[in-house]
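What follows is upload-v7.txt (compact mmCIF, C-alpha atoms and all ligand atoms).
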# COMPACT_ATOMS: atom_id res chain seq x y z
CA MET R 1 -12.31 5.82 -8.92
CA ALA R 2 -13.47 4.01 -5.82
CA GLU R 3 -15.84 1.88 -7.95
CA GLN R 4 -12.75 0.01 -9.10
CA LEU R 5 -12.42 -1.52 -5.64
CA LEU R 6 -13.29 -5.22 -5.86
CA SER R 7 -14.69 -5.11 -2.34
CA ILE R 8 -17.28 -2.56 -3.52
CA ALA R 9 -18.18 -4.16 -6.84
CA PRO R 10 -20.96 -6.75 -6.99
CA CYS R 11 -19.90 -10.42 -7.39
CA HIS R 12 -18.75 -11.40 -10.86
CA ASP R 13 -19.72 -14.64 -12.64
CA THR R 14 -16.86 -14.34 -15.08
CA LEU R 15 -13.56 -12.54 -14.86
CA PRO R 16 -13.76 -9.04 -16.36
CA LYS R 17 -11.55 -8.69 -19.44
CA ASN R 18 -9.08 -6.26 -17.92
CA TYR R 19 -8.04 -8.85 -15.31
CA ILE R 20 -7.26 -11.62 -17.80
CA ARG R 21 -3.56 -12.33 -18.29
CA PRO R 22 -2.25 -13.40 -21.68
CA GLU R 23 -2.02 -17.20 -21.98
CA SER R 24 1.77 -17.30 -21.44
CA GLN R 25 1.58 -15.33 -18.18
CA ARG R 26 -1.08 -17.31 -16.36
CA PRO R 27 -0.39 -19.02 -13.03
CA ARG R 28 -0.76 -22.67 -14.23
CA LEU R 29 -2.05 -23.69 -10.81
CA SER R 30 -1.93 -27.43 -11.49
CA GLU R 31 1.87 -27.24 -11.75
CA VAL R 32 2.38 -25.66 -8.31
CA VAL R 33 4.36 -27.83 -5.91
CA THR R 34 3.42 -28.32 -2.29
CA ASP R 35 6.78 -28.34 -0.58
CA THR R 36 6.80 -28.93 3.12
CA ASN R 37 10.48 -27.98 3.25
CA ILE R 38 10.09 -24.23 3.59
CA PRO R 39 11.82 -23.91 6.97
CA ILE R 40 9.76 -23.40 10.12
CA ILE R 41 11.90 -21.90 12.86
CA ASP R 42 11.02 -21.92 16.55
CA LEU R 43 12.13 -18.60 17.99
CA SER R 44 11.55 -19.78 21.57
CA SER R 45 14.39 -22.28 21.40
CA PRO R 46 16.90 -21.70 24.22
CA ASN R 47 19.65 -22.52 21.72
CA LYS R 48 20.32 -19.12 20.12
CA SER R 49 23.09 -20.37 17.87
CA LEU R 50 20.69 -22.98 16.48
CA ILE R 51 18.17 -20.23 15.64
CA ILE R 52 20.91 -18.19 13.96
CA SER R 53 22.13 -21.08 11.85
CA GLN R 54 18.59 -22.15 10.90
CA ILE R 55 17.79 -18.60 9.76
CA ALA R 56 21.09 -18.29 7.87
CA ASN R 57 20.42 -21.57 6.10
CA ALA R 58 16.83 -20.56 5.24
CA CYS R 59 17.96 -17.18 3.90
CA GLU R 60 20.56 -18.76 1.64
CA LYS R 61 18.49 -21.65 0.34
CA TYR R 62 14.99 -20.21 0.22
CA GLY R 63 14.98 -16.49 1.02
CA PHE R 64 11.76 -17.42 2.86
CA PHE R 65 10.96 -19.04 6.19
CA GLN R 66 8.22 -19.15 8.78
CA VAL R 67 8.70 -18.36 12.46
CA VAL R 68 6.65 -19.76 15.33
CA ASN R 69 6.71 -18.85 19.05
CA HIS R 70 7.80 -15.41 17.95
CA GLY R 71 6.49 -13.57 21.00
CA ILE R 72 3.40 -11.92 19.48
CA THR R 73 0.37 -13.51 21.08
CA GLU R 74 -2.29 -15.44 19.21
CA GLU R 75 -4.84 -13.11 20.80
CA MET R 76 -3.13 -10.10 19.19
CA LEU R 77 -2.92 -11.81 15.81
CA ARG R 78 -6.61 -12.78 15.92
CA LYS R 79 -7.50 -9.17 16.67
CA VAL R 80 -5.38 -7.88 13.78
CA MET R 81 -6.88 -10.33 11.29
CA GLY R 82 -10.35 -9.60 12.64
CA ILE R 83 -10.04 -5.84 12.33
CA GLY R 84 -8.58 -6.18 8.82
CA LYS R 85 -11.57 -8.27 7.73
CA GLU R 86 -13.97 -5.83 9.38
CA PHE R 87 -12.32 -2.99 7.50
CA PHE R 88 -13.02 -4.54 4.11
CA LYS R 89 -16.64 -5.15 5.14
CA LEU R 90 -17.23 -1.42 5.78
CA PRO R 91 -20.00 0.10 3.66
CA PRO R 92 -18.93 1.30 0.20
CA GLU R 93 -19.32 4.99 1.10
CA GLU R 94 -16.82 4.61 3.99
CA LYS R 95 -14.30 2.89 1.76
CA ALA R 96 -14.79 5.39 -1.03
CA LYS R 97 -13.60 8.17 1.31
CA LEU R 98 -10.23 6.44 1.69
CA TYR R 99 -9.70 5.44 -1.94
CA SER R 100 -6.73 6.76 -3.87
CA ASP R 101 -4.75 5.57 -6.89
CA ASP R 102 -1.82 7.84 -6.06
CA PRO R 103 1.11 5.63 -4.97
CA ALA R 104 2.78 8.59 -3.23
CA LYS R 105 -0.02 8.77 -0.62
CA LYS R 106 1.06 7.58 2.81
CA MET R 107 -2.37 6.20 3.60
CA ARG R 108 -4.50 4.82 0.84
CA LEU R 109 -7.11 2.22 0.07
CA SER R 110 -6.55 1.04 -3.44
CA THR R 111 -6.85 -1.89 -5.77
CA SER R 112 -4.64 -4.13 -7.93
CA PHE R 113 -1.09 -2.66 -7.89
CA ASN R 114 -0.84 0.62 -9.77
CA VAL R 115 -4.13 1.14 -11.62
CA ARG R 116 -2.88 4.34 -13.23
CA LYS R 117 -0.15 2.58 -15.17
CA GLU R 118 -0.95 -1.09 -15.57
CA THR R 119 -2.92 -2.59 -18.45
CA VAL R 120 -3.99 -5.81 -16.74
CA HIS R 121 -5.27 -5.55 -13.17
CA ASN R 122 -4.78 -7.88 -10.22
CA TRP R 123 -7.55 -9.41 -8.17
CA ARG R 124 -6.66 -7.54 -4.98
CA ASP R 125 -7.73 -4.56 -2.91
CA TYR R 126 -5.30 -3.23 -0.34
CA LEU R 127 -4.98 -0.72 2.44
CA ARG R 128 -1.50 0.73 2.57
CA LEU R 129 -0.26 2.59 5.64
CA HIS R 130 3.00 4.22 6.66
CA CYS R 131 3.60 3.26 10.27
CA TYR R 132 6.78 4.82 11.58
CA PRO R 133 6.87 7.02 13.54
CA LEU R 134 3.38 6.08 14.65
CA GLU R 135 2.49 9.49 16.09
CA GLU R 136 3.09 11.06 12.69
CA PHE R 137 0.89 8.68 10.69
CA VAL R 138 -1.79 7.21 12.96
CA PRO R 139 -3.96 10.37 12.99
CA ASP R 140 -4.55 9.87 9.25
CA TRP R 141 -5.34 6.15 9.46
CA PRO R 142 -8.94 4.98 9.04
CA SER R 143 -11.08 5.87 12.04
CA LYS R 144 -13.46 3.00 11.26
CA PRO R 145 -13.75 0.26 12.45
CA GLU R 146 -13.57 1.86 15.84
CA LEU R 147 -10.61 -0.13 17.21
CA PHE R 148 -8.62 -0.07 13.99
CA LYS R 149 -6.03 2.54 15.03
CA GLU R 150 -5.52 1.06 18.49
CA ILE R 151 -5.08 -2.56 17.36
CA MET R 152 -2.97 -1.78 14.31
CA SER R 153 -0.61 0.56 16.13
CA THR R 154 0.04 -1.98 18.90
CA TYR R 155 0.62 -4.60 16.22
CA CYS R 156 3.06 -2.37 14.30
CA THR R 157 5.12 -1.73 17.42
CA GLN R 158 5.35 -5.45 18.17
CA VAL R 159 6.19 -6.38 14.58
CA ARG R 160 8.96 -3.78 14.52
CA GLN R 161 10.49 -5.33 17.63
CA LEU R 162 10.30 -8.77 16.05
CA GLY R 163 11.93 -7.38 12.89
CA PHE R 164 14.84 -5.97 14.88
CA ARG R 165 15.27 -9.28 16.66
CA LEU R 166 15.41 -11.01 13.27
CA PHE R 167 17.93 -8.43 11.97
CA GLY R 168 20.11 -9.38 14.95
CA TYR R 169 19.98 -13.09 14.07
CA ILE R 170 20.54 -12.35 10.38
CA SER R 171 23.54 -10.11 11.17
CA GLU R 172 25.09 -12.77 13.34
CA GLY R 173 24.43 -15.42 10.70
CA LEU R 174 26.47 -13.30 8.31
CA GLY R 175 29.30 -13.15 10.84
CA LEU R 176 28.59 -9.50 11.72
CA GLU R 177 27.88 -7.65 14.96
CA THR R 178 24.32 -8.21 16.24
CA ASP R 179 23.27 -4.61 15.55
CA TYR R 180 25.05 -4.28 12.21
CA ILE R 181 21.97 -4.43 9.95
CA GLU R 182 19.89 -2.26 12.27
CA ASN R 183 22.61 0.39 12.21
CA VAL R 184 23.07 0.30 8.44
CA LEU R 185 19.35 0.61 7.78
CA GLY R 186 19.09 3.58 10.13
CA GLU R 187 15.84 4.98 11.52
CA GLN R 188 13.79 2.59 9.47
CA GLU R 189 10.56 3.30 7.72
CA GLN R 190 7.81 0.76 8.27
CA HIS R 191 4.87 0.19 5.96
CA LEU R 192 1.85 -2.04 6.27
CA ALA R 193 -0.32 -3.53 3.54
CA VAL R 194 -3.59 -5.23 4.37
CA ASN R 195 -4.19 -7.31 1.24
CA TYR R 196 -7.70 -8.45 0.50
CA TYR R 197 -8.28 -10.99 -2.28
CA PRO R 198 -12.00 -11.61 -2.86
CA GLN R 199 -13.32 -14.86 -4.31
CA CYS R 200 -12.42 -14.90 -7.97
CA PRO R 201 -14.62 -16.46 -10.66
CA GLU R 202 -11.65 -17.61 -12.79
CA PRO R 203 -8.48 -17.90 -10.69
CA GLU R 204 -6.55 -19.64 -13.51
CA LEU R 205 -6.60 -16.45 -15.54
CA THR R 206 -5.29 -13.87 -13.11
CA TYR R 207 -3.29 -13.11 -9.95
CA GLY R 208 -3.83 -11.54 -6.57
CA LEU R 209 -0.28 -10.26 -6.94
CA PRO R 210 1.91 -11.33 -9.86
CA ALA R 211 5.52 -12.44 -9.39
CA HIS R 212 7.66 -9.82 -7.70
CA THR R 213 10.47 -9.38 -5.22
CA ASP R 214 10.00 -7.03 -2.29
CA PRO R 215 12.09 -3.87 -2.69
CA ASN R 216 12.45 -3.29 1.08
CA ALA R 217 14.79 -4.98 3.60
CA LEU R 218 12.59 -7.53 5.37
CA THR R 219 8.93 -8.50 5.05
CA ILE R 220 6.96 -9.96 7.94
CA LEU R 221 3.77 -11.48 6.61
CA LEU R 222 0.76 -12.62 8.56
CA GLN R 223 -1.12 -15.06 6.36
CA ASP R 224 -4.79 -15.94 6.38
CA GLN R 225 -5.15 -18.96 8.66
CA GLN R 226 -7.71 -20.73 6.50
CA VAL R 227 -6.74 -20.01 2.92
CA SER R 228 -3.42 -20.45 1.12
CA GLY R 229 -2.31 -18.34 -1.80
CA LEU R 230 1.34 -17.38 -1.33
CA GLN R 231 3.83 -19.11 -3.63
CA VAL R 232 7.60 -18.75 -3.98
CA LEU R 233 9.85 -19.54 -6.90
CA LYS R 234 12.50 -22.16 -6.30
CA GLU R 235 14.57 -23.75 -9.04
CA GLY R 236 12.07 -22.70 -11.67
CA LYS R 237 9.05 -24.14 -9.83
CA TRP R 238 6.34 -22.35 -7.89
CA ILE R 239 6.02 -23.70 -4.36
CA ALA R 240 2.98 -23.08 -2.16
CA VAL R 241 3.78 -21.63 1.26
CA ASP R 242 0.83 -22.91 3.21
CA PRO R 243 0.06 -21.09 6.45
CA VAL R 244 1.34 -22.61 9.69
CA PRO R 245 -0.94 -21.71 12.64
CA TRP R 246 -0.18 -18.18 13.82
CA ALA R 247 3.28 -18.18 12.30
CA PHE R 248 4.83 -15.26 10.45
CA THR R 249 6.18 -15.81 6.98
CA ILE R 250 9.44 -13.90 6.65
CA ASN R 251 11.17 -12.98 3.43
CA ILE R 252 14.40 -11.25 2.55
CA GLY R 253 13.89 -8.10 0.48
CA ASP R 254 16.19 -6.59 -2.14
CA GLN R 255 18.00 -4.35 0.34
CA LEU R 256 19.13 -7.32 2.43
CA GLN R 257 20.14 -9.16 -0.69
CA ALA R 258 22.41 -6.21 -1.52
CA LEU R 259 23.67 -5.92 2.03
CA SER R 260 24.59 -9.61 2.04
CA ASN R 261 26.20 -9.26 -1.40
CA GLY R 262 23.69 -11.65 -2.88
CA ARG R 263 24.35 -14.39 -0.33
CA TYR R 264 20.80 -14.06 1.00
CA ARG R 265 18.21 -14.00 -1.72
CA SER R 266 15.27 -11.74 -2.31
CA VAL R 267 13.07 -14.38 -3.85
CA TRP R 268 10.33 -14.01 -6.45
CA HIS R 269 6.93 -14.69 -5.00
CA ARG R 270 3.29 -14.19 -5.95
CA ALA R 271 -0.21 -14.48 -4.52
CA VAL R 272 -2.84 -16.50 -6.35
CA VAL R 273 -6.58 -16.37 -5.77
CA ASN R 274 -9.31 -18.98 -5.58
CA SER R 275 -12.94 -19.36 -6.51
CA ASN R 276 -14.55 -20.29 -3.22
CA LYS R 277 -12.89 -18.32 -0.44
CA GLU R 278 -11.74 -14.77 0.05
CA ARG R 279 -8.23 -14.41 1.46
CA MET R 280 -6.44 -11.79 3.49
CA SER R 281 -2.79 -11.22 4.30
CA ILE R 282 -1.10 -8.49 6.29
CA ALA R 283 2.39 -7.57 5.18
CA SER R 284 4.75 -5.43 7.26
CA PHE R 285 7.70 -4.00 5.37
CA LEU R 286 10.82 -2.78 7.12
CA CYS R 287 12.68 -0.36 4.85
CA PRO R 288 15.98 1.50 5.19
CA CYS R 289 15.68 5.18 6.04
CA ASN R 290 15.98 7.42 3.00
CA SER R 291 19.55 8.45 3.68
CA ALA R 292 20.81 4.88 4.23
CA LEU R 293 23.52 3.75 1.87
CA ILE R 294 23.13 0.03 1.36
CA PHE R 295 26.33 -1.82 0.59
CA SER R 296 27.72 -5.14 1.57
CA HIS R 297 30.15 -5.47 4.44
CA LYS R 298 33.72 -6.07 3.36
CA CYS R 299 33.71 -9.48 5.07
CA ILE R 300 30.92 -10.56 2.74
CA SER R 301 32.02 -8.80 -0.41
CA ASN R 302 35.70 -9.80 -0.14
CA GLY R 303 36.93 -6.27 0.39
CA SER R 304 35.34 -4.77 -2.73
CA SER R 305 33.70 -1.37 -2.65
CA LEU R 306 30.13 -0.73 -3.86
CA SER R 307 29.04 -3.00 -6.67
CA ASN R 308 26.72 -1.81 -9.42
CA PHE R 309 23.98 -3.88 -7.92
CA GLU R 310 24.37 -2.00 -4.67
CA TRP R 311 24.43 1.31 -6.46
CA LEU R 312 21.20 0.43 -8.21
CA LEU R 313 19.58 -0.26 -4.89
CA CYS R 314 20.93 2.91 -3.29
CA PHE R 315 19.57 5.00 -6.10
CA HIS R 316 16.31 3.16 -6.14
CA GLN R 317 15.87 3.70 -2.44
CA ASN R 318 16.73 7.37 -2.55
CA HIS R 319 15.03 8.42 -5.75
CA ARG R 320 12.05 6.20 -6.40
CA ASN R 321 9.57 9.01 -5.82
CA HIS R 322 11.19 11.50 -8.16
CA GLU R 323 9.55 12.91 -11.26
CA LEU R 324 10.17 11.38 -14.65
CA PRO R 325 12.90 13.70 -16.08
CA CYS R 326 14.87 13.33 -12.90
CA LYS R 327 14.51 9.54 -13.08
CA PHE R 328 15.71 9.64 -16.66
CA VAL R 329 18.90 11.44 -15.65
CA LEU R 330 19.40 8.97 -12.83
CA VAL R 331 19.01 5.99 -15.11
CA LEU R 332 21.51 7.49 -17.56
CA PHE R 333 23.88 8.12 -14.70
CA LEU R 334 23.52 4.53 -13.60
CA LEU R 335 24.20 3.22 -17.06
CA VAL R 336 27.38 5.28 -17.31
CA LEU R 337 28.35 4.12 -13.86
CA SER R 338 27.79 0.51 -14.87
CA VAL R 339 30.23 0.93 -17.73
CA VAL R 340 32.85 2.89 -15.83
CA ARG R 341 32.96 0.76 -12.74
CA ASN R 342 34.24 -2.76 -12.95
CA LEU R 343 31.55 -5.07 -11.71
CA THR R 344 32.35 -6.76 -8.46
CA ILE R 345 29.64 -9.37 -8.41
CA ASN R 346 28.64 -11.67 -11.15
CA GLN R 347 27.05 -10.15 -14.23
CA ARG R 348 23.99 -12.33 -14.19
CA LYS R 349 22.83 -11.02 -10.83
CA ILE R 350 23.32 -7.43 -11.80
CA LYS R 351 21.37 -7.89 -15.00
CA LEU R 352 18.54 -9.63 -13.24
CA HIS R 353 18.19 -7.05 -10.51
CA GLY R 354 18.97 -4.18 -12.80
CA SER R 355 15.88 -5.04 -14.78
CA SER R 356 13.68 -5.38 -11.74
CA TYR R 357 15.09 -2.04 -10.61
CA PHE R 358 13.99 -0.43 -13.85
CA LEU R 359 10.55 -1.89 -13.38
CA TRP R 360 10.14 -0.31 -9.95
CA LEU R 361 11.62 2.94 -11.04
CA TRP R 362 9.21 3.48 -13.84
O1 LIG B 401 -0.64 -12.07 0.09
C1 LIG B 401 0.43 -12.65 0.14
O2 LIG B 401 0.55 -13.79 0.59
C2 LIG B 401 1.69 -12.00 -0.42
C3 LIG B 401 1.74 -10.51 -0.24
C4 LIG B 401 2.98 -9.89 -0.80
O3 LIG B 401 3.80 -10.53 -1.38
C5 LIG B 401 3.20 -8.43 -0.65
O4 LIG B 401 2.30 -7.73 -0.11
O5 LIG B 401 4.28 -7.97 -1.07
FE FE B 402 5.68 -9.41 -1.66
Show how you would write the structure in this file as structure tokens.
Ligand SMILES: O=C(O)CCC(=O)C(=O)O
Ligand SMILES: [Fe+2]
Amino acid sequence: MAEQLLSIAPCHDTLPKNYIRPESQRPRLSEVVTDTNIPIIDLSSPNKSLIISQIANACEKYGFFQVVNHGITEEMLRKVMGIGKEFFKLPPEEKAKLYSDDPAKKMRLSTSFNVRKETVHNWRDYLRLHCYPLEEFVPDWPSKPELFKEIMSTYCTQVRQLGFRLFGYISEGLGLETDYIENVLGEQEQHLAVNYYPQCPEPELTYGLPAHTDPNALTILLQDQQVSGLQVLKEGKWIAVDPVPWAFTINIGDQLQALSNGRYRSVWHRAVVNSNKERMSIASFLCPCNSALIFSHKCISNGSSLSNFEWLLCFHQNHRNHELPCKFVLVLFLLVLSVVRNLTINQRKIKLHGSSYFLWLW
């Protein structure tokens, strides 16, 4: 029901019960570290091998980095942020028309994460759009605000180009051909999420988005310029990734972790909320095409064939939208496969990602 949208509901003085996390799962905001070491990489440097090595280093150590002088103009980014904010200020009846809680929908305005299944909600509304190929999806995008389609489609095209440039640097950093990752991922899907986190009466008790890794290949995030909220997990501590003016925050997703045989990490991250300012972020997700088989290159995986971890990701990618009985068979198949095949990467990683895989799948 559209009334569940936080951007429609009247302001709350206290946090409604169904947003309150159990004590042990709360964000403990006072323990968050402000680490200025999350790498900031200047993409305009004439020294390409320096860019490649900085990105490789960031991917291995952090799984996260920010890029500046990335080629997308400040004017464009201001327009995108502006139109996103305008969208969430539309009158309730306009937003209600776009509301859906069906995760299979390729254009939906929704709230929290998956309101149909979850017991505790997140303090977030979001507009989720499929963006590639544009001509297929743009006709169904919101027609208000008036310039929404025009600005967002230009933005998506530019972000895609930036993503491909980054794939080139990441491939080279792994010792592969420049176009290796682009070729493996195939005719990539691209999704966009405009995340809107309203002011929250009790930010200590809830999340905008709880800890997760991104299941796609690469995420290109435009953060709110005024308000921080993104945090990444490093060595057991949550580190705030404060916005750098008009930078993009880039993170490695699970598919690139698999492709790099775990050398580059898809890092746990979360978004927290605050009591005095609303926040917005715009995430662009580059995803392999549905038929892509993600496995690590033999140079990275020491000549081994598909590991279980890679199989999990392949199956996740290809079957995540299937109905429950089909998923059940797939999970059984995976379990048998796990036993039959000798694991080629260390057990701990497989277990960790196996469990996050099961979370997505269900
Ligand atoms: O809002 C943010 O800073 C994080 C968003 C995010 O992690 C996501 O959309 O997957
Ligand atoms: Fe994320």
Please, which residues in chain R fall within 10 Å of ligand FE 402 (chain B) when counting all atoms listed in the file, and what is the closest atom pair and distance in Å to one decimal for each, ordered by chain then residue number, as a Markdown table?
| residue | atom | partner | partner_atom | distance |
| --- | --- | --- | --- | --- |
| R:Ala193 | CA | B:FE402 | FE | 9.9 |
| R:Leu209 | CA | B:FE402 | FE | 8.0 |
| R:Pro210 | CA | B:FE402 | FE | 9.2 |
| R:Ala211 | CA | B:FE402 | FE | 8.3 |
| R:His212 | CA | B:FE402 | FE | 6.4 |
| R:Thr213 | CA | B:FE402 | FE | 6.0 |
| R:Asp214 | CA | B:FE402 | FE | 5.0 |
| R:Pro215 | CA | B:FE402 | FE | 8.5 |
| R:Asn216 | CA | B:FE402 | FE | 9.5 |
| R:Thr219 | CA | B:FE402 | FE | 7.5 |
| R:Ile220 | CA | B:FE402 | FE | 9.7 |
| R:Leu221 | CA | B:FE402 | FE | 8.7 |
| R:Leu230 | CA | B:FE402 | FE | 9.1 |
| R:Val232 | CA | B:FE402 | FE | 9.8 |
| R:Asn251 | CA | B:FE402 | FE | 8.3 |
| R:Ile252 | CA | B:FE402 | FE | 9.9 |
| R:Gly253 | CA | B:FE402 | FE | 8.6 |
| R:Ser266 | CA | B:FE402 | FE | 9.9 |
| R:Val267 | CA | B:FE402 | FE | 9.2 |
| R:Trp268 | CA | B:FE402 | FE | 8.1 |
| R:His269 | CA | B:FE402 | FE | 6.4 |
| R:Arg270 | CA | B:FE402 | FE | 6.9 |
| R:Ala271 | CA | B:FE402 | FE | 8.3 |
| R:Ala283 | CA | B:FE402 | FE | 7.8 |
| R:Ser284 | CA | B:FE402 | FE | 9.8 |
| R:Phe285 | CA | B:FE402 | FE | 9.1 |
With 4 Å of padding per side, what axis-aligned box (centre and edge lengths, Å, one decimal) covers all the listed atoms of ligand LIG 401 (chain B)? Give it as lines of an AutoDock Vina configuration file.
center_x = 1.8
center_y = -10.8
center_z = -0.4
size_x = 12.9
size_y = 14.1
size_z = 10.0
Among listed residues R:Ser112, R:Thr206, R:Asn290, R:Asn276, nearest ligand LIG 401 (chain B) (using only C-alpha atoms and all ligand atoms): R:Ser112
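In this structure, CA of Leu127 in chain R sits 12.6 Å away from CA of Leu6 in chain R.
Of the listed residues (R:Asp35, R:Asp125, R:Asp102, R:Glu189), R:Asp125 comes nearest to ligand LIG 401 (chain B); the distances count only C-alpha atoms and all ligand atoms.
Proximity ranking of R:Tyr62, R:Tyr196, R:Phe88, R:Tyr132 relative to ligand LIG 401 (chain B) places R:Tyr196 first, based on all atoms listed in the file.
Distances to Asp140 in chain R were evaluated for R:Glu31, R:Cys156, R:Arg128, R:Met1 using all atoms listed in the file, and the minimum falls at R:Arg128.
In this comparison, which uses all atoms listed in the file, the residue of R:Glu278, R:Glu93, R:Asp254, R:Asp224 approaching ligand LIG 401 (chain B) most closely is R:Asp224.
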Selection: 9 Å around Thr157 in chain R, all atoms listed in the file, excl. self and same-chain fewer than 4 positions, as a PyMOL selection string: chain R and resi 131-132+134+152-153+161-162
Which residues are near Ala292 in chain R? Cut-off 8 Å, only C-alpha atoms, ignore same chain within fewer than 3 positions. Put them as an MDAnalysis selection string. chainID R and resid 184:186 288:289 314
Export C-alpha atoms of the chosen residues as a PDB file, in the coordinates of the input?
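Saved file part.pdb follows:
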ATOM      1  CA  VAL R 184      23.070   0.300   8.440  1.00  0.00           C
ATOM      2  CA  LEU R 185      19.350   0.610   7.780  1.00  0.00           C
ATOM      3  CA  GLY R 186      19.090   3.580  10.130  1.00  0.00           C
ATOM      4  CA  PRO R 288      15.980   1.500   5.190  1.00  0.00           C
ATOM      5  CA  CYS R 289      15.680   5.180   6.040  1.00  0.00           C
ATOM      6  CA  CYS R 314      20.930   2.910  -3.290  1.00  0.00           C
TER       7      CYS R 314
END
Work out how far CA of Ala240 in chain R is from CA of Arg263 in chain R, in Å to one decimal. 23.1 Å
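Residue nearest Ile20 in chain R, chosen from R:Gly262, R:Pro201, R:Gly236, R:Gly229 and counting all atoms listed in the file: R:Pro201.
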Applying 8 Å and only C-alpha atoms, which residues near Ile282 in chain R remain after dropping the ones on its own chain fewer than 6 positions away? List them as a PyMOL selection string. chain R and resi 81+192-195+221-223
